[in-house]
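Notes follow the structure.
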Amino acid sequence: MTTLRNSLEELCSRSRHPTKTLRNLLRNPGESGMLQLHPPVAIQETSALSALFDCFIKLGFRDERQIRPLMREISFVISSLDSSLKLLENASKIGYVDELVTGSLLAKTLKRYDPRTISLQDAMRILRIMQTQRYRHRYLIDSLTERVLREGDTSQRFVVFRILAELDMVDSSRLVDFPRPVSASDCIDFAWGILLQENKLASSVDIPGMLRDCLVALVDTKTDSTSQIPESCEHKLVMIRDAIYLLHRETVYRNLPERTKSFLSGLGDGNPGKRTESRAFRRGLKQISDTLFSENVAHSVHSLVMSFMVDIVERDRKIIWEYDSRDRFYHDGSETSKSSYHVFKRRVLNAMGYNVINIPHWQWAKMGNKKLKKDYCRTSRFLALTDMGKSVETDRDPRCYKVSECMPSEPSSWDFHNEYVHNKQQPKQSWVWNKPIPTLRVAI
């Protein structure tokens with residue numbers, strides 16, 4: 001591992017373009033996983049691959065087209081449990097998500113190390129890896145969750161609850177004997193998990209009461225300002241505030257103490273941070289933006305709408321375009337279950353008065369010419385504008401002003417370009433195609 005790191009650092013230090021040098025190195029690997037360095041270095045072991053990903057992180061190398069074939073062709077040699085988990089953690093940091101690699105590496109690792117004998121910290125690391133990779137193996141997640149809930153401390157139990165909520169695997173029976181949050185991070189994790197799984201828990205759990213108790217406990221646990229709130233949780237708390245105001249204004253927000261309302265109103269807009277995007281996502285989003293530009297639809301890409309980062313938002317209409325790439329679906333063998341966070345974000349944006357147009361990646365990939373893409377976007381926008389014309393004026397925005405969408409009642413009076421679709425342009429059937437072919441499941 002040290003030899004590989006030293007060789008890569010020496011190679012990149014001599015080059016004027018380190019990322020291009022790494023790309024050429026990975027493009028032509030030698031036999032048996034040997035990198036053509038001086039001397040040649042084998043990278044079959046997980047410790048060597050982890051060192052390779054350390055160099056990727058240091059240099060900002062994120063070329064998925066070069067990393068994916070390399071990882072899929074290598075036969076992993078497990079050097080230790082820590083090296084396997086470190087490899088998956090490093091892969092998650094650079095945004096490399098591959099269900100086949102994650103599943104096969106976890107399968108090999110857990111066949112060598114029994115999940116019942118590994119430490120509690122390693123069990124938490126596996127759950128965090130599966131959350132980041134959106135890899136849902138129900139048997140493994142259930143077994144690790146039961147152990148952490150039985151043996152872990154209070155903070156670990158709330159972290160596991162948040163992980164299950166982001167994987168859309170929360171069971172209402174787990175909330176019966178759940179402890180009371182004792183720290184700011186526990187309150188945020190618990191409230192975030194409840195909001196993500198609200199539709200799933202609404203029939204059996206008093207969601208408004210639990211959210212009120214959580215927010216009151218959050219203010220009680222902090223002292224002077226937001227010093228006790230972890231930096232990684234600040235933006236999540238802002239999203240919780242906006243969601244509670246928009247979705248639970250009458251049942252939760254208006255019944256909060258004035259001290260809690262004052263604390264929530266002083267949070268600011270939050271910083272969503274820099275998100276990791278795959279090359280396929282950037283390519284698809286650029287194609288959608290170019291199509292809208294050709295249709296004279298003014299818009300901005302990667303905009304912040306309150307506390308939520310959206311892909312495309314129009315300037316003249318309250319319409320948001322979201323490109324649902326494969327990174328927004330769970331890797332459970334079907335790729336049909338959308339991430340709970342993106343389902344939650346759509347609910348909040350709809351409550352703000354925006355109409356969200358989702359474009360699944362398998363539909364966009366089916367359209368091979370520009371004319372079909374234009375017809376798709378024009379028709380989707382026409383249907384969204386028709387729905388917005390039926391909406392009524394409501395007080396939706398937490399910044400104390402009313403949001404109304406003044407849509408004309410007659411399509412002939414629309415004065416914006418490409419907001420009327422002629423009869424011959426309207427589709428005769430829905431814009432749907434078959435779902436993508438299910439991926440191969442890996443047994444653990």
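In the structure tokens, chains take the letters A, B, ... in the order shown, each chain's residues start at 1, and ligands count up from 1 in the order shown.
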Which of stretch 5-105 of chain A DSSP labels strand (DSSP E or B), written as a tab-separated table (two decimals) with N, CA and C atoms, in the first residue's frame:
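Saved to result_8.tsv:
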```tsv
chain	number	residue	atom	x	y	z
A	34	MET	N	-2.23	-5.27	-12.54
A	34	MET	CA	-0.95	-4.60	-12.31
A	34	MET	C	-0.98	-3.23	-12.97
A	35	LEU	N	-0.75	-2.17	-12.18
A	35	LEU	CA	-0.63	-0.83	-12.74
A	35	LEU	C	0.77	-0.65	-13.30
A	41	VAL	N	2.85	-2.27	-9.83
A	41	VAL	CA	2.23	-2.50	-8.53
A	41	VAL	C	0.90	-3.20	-8.73
A	42	ALA	N	0.65	-4.27	-7.95
A	42	ALA	CA	-0.62	-4.98	-8.00
A	42	ALA	C	-1.64	-4.27	-7.14
A	45	GLU	N	-5.60	-6.28	-3.85
A	45	GLU	CA	-5.97	-6.25	-2.45
A	45	GLU	C	-6.75	-4.97	-2.13
A	77	VAL	N	-9.23	-9.10	-3.22
A	77	VAL	CA	-8.57	-9.92	-2.20
A	77	VAL	C	-8.70	-9.17	-0.88
```
(request) Please provide as a list of chain:residue names all residues within 9 Å of stretch 95-101 of chain A, with the sequence filter that same-chain residues fewer than 4 positions apart are discarded (counting only C-alpha atoms). (result) A:Arg62, A:Glu64, A:Ile67, A:Arg68, A:Met71, A:Arg72, A:Asn90, A:Ala91, A:Leu105, A:Leu106, A:Thr132, A:Gln133, A:Arg134, A:Tyr135, A:Thr276, A:Glu277, A:Ser278, A:Asp327, A:His331, A:Asp332, A:Gly333, A:Thr439, A:Leu440, A:Arg441, A:Val442
(message) Between atom CA of A:Thr379 and atom CA of A:Lys286, what distance in Å does the model show, to one decimal?
(response)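 Rounded to one decimal, the two atoms are 19.1 Å apart.
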(message) Just list as a ChimeraX atom specification whatever in stretch 30-253 of chain A DSSP marks as alpha helix (DSSP H).
(response) /A:46-59,64-73,81-93,99-112,120-133,138-151,154-166,184-196,198-201,207-221,231-247
(message) At a cut-off of 9 Å, using only C-alpha atoms, what residues contact stretch 307-317 of chain A? Leave out same-chain residues fewer than 6 positions from it and give the result as a PyMOL selection string.
(response) chain A and resi 235-236+238-239+242+269-272+285+288-289+297-301+323+345+349+354+385+405+416
Expected file: the selected residues, N, CA and C atoms, as a CSV table (one decimal), in the first residue's frame:
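Everything below was put into result19.csv:
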```csv
chain,number,residue,atom,x,y,z
A,235,HIS,N,-27.7,22.5,7.8
A,235,HIS,CA,-28.6,22.7,6.7
A,235,HIS,C,-29.8,21.7,6.8
A,236,LYS,N,-29.6,20.6,7.4
A,236,LYS,CA,-30.7,19.6,7.6
A,236,LYS,C,-31.8,20.2,8.5
A,238,VAL,N,-32.4,23.4,8.8
A,238,VAL,CA,-33.1,24.5,8.0
A,238,VAL,C,-34.2,23.8,7.2
A,239,MET,N,-33.9,22.7,6.5
A,239,MET,CA,-34.9,22.0,5.8
A,239,MET,C,-36.0,21.5,6.6
A,242,ASP,N,-38.3,24.5,7.3
A,242,ASP,CA,-39.1,24.9,6.1
A,242,ASP,C,-40.2,23.9,5.9
A,269,ASP,N,-30.8,30.8,5.9
A,269,ASP,CA,-31.1,29.9,4.7
A,269,ASP,C,-30.3,28.6,4.7
A,270,GLY,N,-29.2,28.6,5.4
A,270,GLY,CA,-28.4,27.4,5.4
A,270,GLY,C,-27.5,27.2,4.2
A,271,ASN,N,-26.5,26.4,4.3
A,271,ASN,CA,-25.6,26.1,3.2
A,271,ASN,C,-25.7,24.7,2.8
A,272,PRO,N,-26.2,24.4,1.6
A,272,PRO,CA,-26.4,23.0,1.2
A,272,PRO,C,-25.1,22.3,0.9
A,285,LEU,N,-28.4,16.5,-17.6
A,285,LEU,CA,-29.0,17.8,-17.2
A,285,LEU,C,-28.6,18.9,-18.2
A,288,ILE,N,-31.1,18.6,-21.1
A,288,ILE,CA,-32.4,19.2,-20.8
A,288,ILE,C,-32.3,20.7,-20.8
A,289,SER,N,-31.2,21.3,-20.2
A,289,SER,CA,-31.1,22.8,-20.3
A,289,SER,C,-31.0,23.3,-21.7
A,297,VAL,N,-37.1,29.1,-23.2
A,297,VAL,CA,-37.6,29.1,-21.8
A,297,VAL,C,-36.5,29.5,-20.9
A,298,ALA,N,-36.6,30.7,-20.3
A,298,ALA,CA,-35.6,31.3,-19.4
A,298,ALA,C,-35.5,30.5,-18.1
A,299,HIS,N,-34.3,30.1,-17.7
A,299,HIS,CA,-34.2,29.2,-16.5
A,299,HIS,C,-32.7,29.4,-16.0
A,300,SER,N,-32.5,28.8,-14.8
A,300,SER,CA,-31.2,28.8,-14.2
A,300,SER,C,-31.0,27.3,-13.7
A,301,VAL,N,-29.7,26.9,-13.7
A,301,VAL,CA,-29.4,25.6,-13.4
A,301,VAL,C,-28.7,25.6,-12.0
A,323,TYR,N,-34.0,16.2,-13.0
A,323,TYR,CA,-33.5,15.0,-13.8
A,323,TYR,C,-33.2,13.9,-12.9
A,345,LYS,N,-38.5,16.1,-0.9
A,345,LYS,CA,-38.3,17.5,-1.5
A,345,LYS,C,-39.4,17.9,-2.4
A,349,LEU,N,-41.6,21.3,-2.2
A,349,LEU,CA,-41.7,22.3,-3.3
A,349,LEU,C,-43.1,22.5,-3.8
A,354,TYR,N,-44.7,25.5,-6.3
A,354,TYR,CA,-44.0,25.1,-7.5
A,354,TYR,C,-44.6,23.8,-8.0
A,385,LEU,N,-48.3,23.6,-16.6
A,385,LEU,CA,-48.9,24.9,-16.6
A,385,LEU,C,-50.4,24.7,-16.5
A,405,GLU,N,-50.1,32.2,-8.4
A,405,GLU,CA,-49.7,32.0,-9.7
A,405,GLU,C,-50.8,32.5,-10.7
A,416,PHE,N,-46.6,33.8,-23.2
A,416,PHE,CA,-45.3,33.3,-23.2
A,416,PHE,C,-45.1,32.3,-24.3
```
(message) So that I can check the surroundings of A:Phe178, please list as a PyMOL selection string every protein, DNA and RNA residue that reaches within 12 Å of it, counting only C-alpha atoms and ignoring chain neighbours fewer than 6 positions away.
(response) chain A and resi 149-150+153-155+157-158+160-161+171-172+186+190+210
(request) Skip A:Leu88 itself and residues of its chain fewer than 5 positions away, then list as number ranges by chain all residues within 9 Å of it, counting only C-alpha atoms. (result) A: 50, 83, 93, 102, 105, 129, 133
Please, could you write that set of residues out with N, CA and C atoms as an mmCIF file, in the first residue's frame?
```
data_model
loop_
_atom_site.group_PDB
_atom_site.id
_atom_site.type_symbol
_atom_site.label_atom_id
_atom_site.label_comp_id
_atom_site.auth_asym_id
_atom_site.auth_seq_id
_atom_site.Cartn_x
_atom_site.Cartn_y
_atom_site.Cartn_z
ATOM 1 N N SER A 50 -7.732 0.910 -1.604
ATOM 2 C CA SER A 50 -8.050 2.029 -0.717
ATOM 3 C C SER A 50 -7.020 3.131 -0.846
ATOM 4 N N SER A 83 -9.840 -2.552 5.872
ATOM 5 C CA SER A 83 -9.467 -2.120 4.517
ATOM 6 C C SER A 83 -10.665 -2.188 3.562
ATOM 7 N N LYS A 93 -16.916 8.807 -0.969
ATOM 8 C CA LYS A 93 -16.495 10.209 -0.884
ATOM 9 C C LYS A 93 -16.345 10.844 -2.262
ATOM 10 N N THR A 102 -20.377 -2.872 -4.681
ATOM 11 C CA THR A 102 -20.672 -2.805 -3.248
ATOM 12 C C THR A 102 -21.186 -4.140 -2.732
ATOM 13 N N LEU A 105 -18.347 -6.923 -2.815
ATOM 14 C CA LEU A 105 -17.312 -6.702 -1.807
ATOM 15 C C LEU A 105 -17.852 -6.942 -0.402
ATOM 16 N N ILE A 129 -22.309 2.999 5.010
ATOM 17 C CA ILE A 129 -21.915 2.732 3.621
ATOM 18 C C ILE A 129 -23.132 2.385 2.772
ATOM 19 N N GLN A 133 -24.377 4.501 -0.419
ATOM 20 C CA GLN A 133 -24.455 3.810 -1.700
ATOM 21 C C GLN A 133 -25.896 3.491 -2.114
#
```
(request) Check the smallest atom-to-atom distance from each of A:Arg162, A:Arg212, A:Lys373, A:Arg346 to A:Tyr245 using only C-alpha atoms, then report the winner. (result)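 Answer, going by the shortest atom-to-atom distance: A:Arg212.
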(message) Please compute the atom CA of A:Thr145-atom CA of A:Asp189 distance, one decimal, in Å.
(response) 15.7 Å
(message) What does the structure give for the distance between atom CA of A:His137 and atom CA of A:Leu85, in Å to one decimal?
(response)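 Computing the Euclidean distance for atom CA of A:His137 and atom CA of A:Leu85 yields 16.3 Å.
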(request) Identify which of the residues A:Met130, A:Leu110, A:Val205, A:Leu87 lies closest to A:Leu175, counting only C-alpha atoms when measuring atom-to-atom distances. (result)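 Ranking A:Met130, A:Leu110, A:Val205, A:Leu87 by distance to A:Leu175, first place goes to A:Val205.
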(request) Point out the residue among A:Trp364, A:Phe76, A:Ile126, A:Ile57 with the least atom-to-atom distance to A:Gln287, counting only C-alpha atoms. (result)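 The closest residue to A:Gln287 is A:Trp364.
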(request) Please provide the set of residues having any atom within 10 Å of A:Ala384, restricted to only C-alpha atoms, with same-chain residues fewer than 2 positions apart removed, written as a PyMOL selection string. (result) chain A and resi 318-320+354-357+378-382+386-389
Written selection (C-alpha atoms) as a PDB file, in the first residue's frame:
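File produced: result-v4.pdb:
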```
ATOM      1  CA  LYS A 318     -42.996  28.532 -10.828  1.00  0.00           C
ATOM      2  CA  ILE A 319     -41.810  25.359 -12.543  1.00  0.00           C
ATOM      3  CA  ILE A 320     -38.900  23.174 -11.464  1.00  0.00           C
ATOM      4  CA  TYR A 354     -43.961  25.072  -7.484  1.00  0.00           C
ATOM      5  CA  ASN A 355     -44.869  22.429 -10.011  1.00  0.00           C
ATOM      6  CA  VAL A 356     -42.084  19.846 -10.267  1.00  0.00           C
ATOM      7  CA  ILE A 357     -41.469  18.065 -13.571  1.00  0.00           C
ATOM      8  CA  ARG A 378     -42.990  21.065 -24.445  1.00  0.00           C
ATOM      9  CA  THR A 379     -45.750  18.604 -23.544  1.00  0.00           C
ATOM     10  CA  SER A 380     -44.503  18.163 -19.968  1.00  0.00           C
ATOM     11  CA  ARG A 381     -44.439  21.921 -19.534  1.00  0.00           C
ATOM     12  CA  PHE A 382     -47.918  22.325 -21.031  1.00  0.00           C
ATOM     13  CA  THR A 386     -52.438  23.442 -16.950  1.00  0.00           C
ATOM     14  CA  ASP A 387     -52.229  22.058 -13.406  1.00  0.00           C
ATOM     15  CA  MET A 388     -50.913  25.382 -12.105  1.00  0.00           C
ATOM     16  CA  GLY A 389     -53.810  27.224 -13.694  1.00  0.00           C
TER      17      GLY A 389
END
```
(message) Given only C-alpha atoms as the basis, pick out the residue of A:Glu258, A:Asp177, A:Asp168, A:Asp54 nearest to A:Ile194.
(response) A:Asp168
